[in-house]
Amino acid sequence: MTQTERNTRTVLVTGATGRTGRRVVDAARAAGFEVRAASRSGAVRFDWERSGTWDEALRGADGAYLAFPTDIGAPDAADLVGAVARRAVELGVRRLVLLSARGQDQALPAEEALRASGAEWTILRCAWFQQNFSEGPLADQVREGELAFAAPQELREPFIDAADIADVAVAVLGGAPGRYAGEVLDLTGPELLTWGEAVAAVAAATGTVKRYVPVPVREYGAVLGEFGMPEEEAAFLVDLFETLLDGRNASVSGGVERVLGRGPRTFAEFAEREAAAGAWK
């Protein structure tokens with residue numbers, strides 16, 4: 001693809017202010033795409049729960065990055081992913097890339113809804129984000145020096161940098177017609193780390209003392225309820241963590257290298273970069 005051809009591509013990015021979405025926006029713009037950075041309250045408005053916002057965001061786009069706003073395994077995800085994908089096809093959007101979760105059985109209905117839409121689809125099944133330690137609800141604990149979470153002490157995960165996910169998404173959206181279409185790409189980081197080792201890497205990068213405290217899953221769910229999380233949402237997370245944190249993801253894949261021609265970023269690289277940017281100050 002020439003640079004001129006690339007510049008004519010229009011890509012819709014849903015969840016454009018989120019952990020992966022904003023990185024997809026940056027990577028797509030750097031690659032020369034015309035980007036529609038969509039969110040519920042942005043200049044380009046897209047609300048998964050308000051179908052009246054879909055058409056204006058989708059119409060005229062060549063491709064779209066779909067990031068469901070809560071969890072891809074949530075009870076309403078499959079119906080909404082399917083409805084958005086079908087409407088995208090009706091409006092002529094050629095390529096759809098869905099952010100999904102590696103090893104998450106609850107995500108399979110949403111993936112199937114995308115497959116059934118008639119779109120030229122690609123699914124990105126991603127490991128836990130490295131950015132879970134620097135952004136979102138766990139980051140404050142890491143910043144304060146003690147992360148308590150439901151992952152067992154010995155559990156190893158191939159944490160992936162969200163920037164690598166973004167680079168893969170843009171490569172898929174801008175690739176030759178049909179390339180990676182109908183494929184599920186398994187995306188991981190380059191190494192297996194326990195959650196304690198990941199926290200130790202943050203400690204080393206920041207020159208501070210930090211530790212990880214494993215909490216039994218059901219006890220963790222009870223704590224979430226005590227902090228005001230709705231009972232239904234806490235029950236969903238307990239069910240999710242009981243399966244997802246059983247060791248099923250304790251392997252690395254070559255998905256990032258296959259698409260990008262380079263290896264994924266390490267957790268140490270992530271920690272040093274985020275520490276330099278003041279993420280844990």
# chains A, B, ... in the order shown; residues from 1 in each chain; ligands from 1

call {"tool": "residues_around", "arguments": {"residues": "stretch 137-149 of chain A", "least_positions_apart": "4", "cutoff": "8 Å", "atoms": "only C-alpha atoms", "output": "ChimeraX atom specification"}}
result
/A:132-133,199,208-215,220,280-281

call {"tool": "residues_around", "arguments": {"residues": "A:Leu108", "least_positions_apart": "2", "cutoff": "12 Å", "atoms": "only C-alpha atoms", "output": "list in words"}}
result
Asp71, Ile72, Gly73, Ala74, Pro75, Ala77, Ala78, Val81, Leu98, Leu99, Ser100, Ala101, Arg102, Gly103, Gln104, Asp105, Gln106, Ala110, Glu111, Glu112, Ala113, Leu114, Arg115, Ile123, Arg125 and Val184 of chain A

call {"tool": "write_last_selection", "arguments": {"atoms": "C-alpha atoms", "output": "compact mmCIF listing (two decimals), in the first residue's frame"}}
result
# COMPACT_ATOMS: atom_id res chain seq x y z
CA ASP A 71 -16.01 -6.16 29.52
CA ILE A 72 -16.23 -8.16 26.31
CA GLY A 73 -17.67 -11.00 28.39
CA ALA A 74 -20.44 -8.89 29.93
CA PRO A 75 -24.00 -10.21 29.48
CA ALA A 77 -21.79 -7.51 24.95
CA ALA A 78 -22.78 -10.14 22.38
CA VAL A 81 -21.36 -6.20 19.25
CA LEU A 98 -12.64 -6.53 17.79
CA LEU A 99 -10.71 -6.31 21.04
CA SER A 100 -11.30 -9.54 22.96
CA ALA A 101 -9.78 -11.32 25.94
CA ARG A 102 -7.46 -14.31 25.87
CA GLY A 103 -8.79 -17.37 27.64
CA GLN A 104 -12.08 -15.74 28.58
CA ASP A 105 -14.96 -18.12 27.91
CA GLN A 106 -17.44 -15.32 28.59
CA ALA A 110 -19.46 -11.59 21.44
CA GLU A 111 -16.81 -13.06 19.14
CA GLU A 112 -19.43 -15.30 17.53
CA ALA A 113 -21.76 -12.32 17.06
CA LEU A 114 -19.00 -10.55 15.13
CA ARG A 115 -18.39 -13.62 12.97
CA ILE A 123 -10.43 -10.73 16.56
CA ARG A 125 -7.50 -12.00 21.87
CA VAL A 184 -8.27 -14.78 15.70

call {"tool": "atom_distance", "arguments": {"atom1": "atom CA of A:Leu66", "atom2": "atom CA of A:Thr14"}}
result
5.5 Å

call {"tool": "residues_around", "arguments": {"residues": "A:Ala83", "least_positions_apart": "3", "cutoff": "12 Å", "atoms": "only C-alpha atoms", "output": "VMD selection string"}}
result
chain A and resid 48 to 51 54 to 55 76 to 80 86 to 90 110 113 to 119

call {"tool": "atom_distance", "arguments": {"atom1": "atom CA of A:Ala275", "atom2": "atom CA of A:Asp161"}}
result
14.5 Å

call {"tool": "select_by_dssp", "arguments": {"residues": "stretch 51-231 of chain A", "states": "strand (DSSP E or B)", "output": "ChimeraX atom specification"}}
result
/A:63-66,95-101,120-126,129,146-149,156-157,160,183-187,193-194,211-214
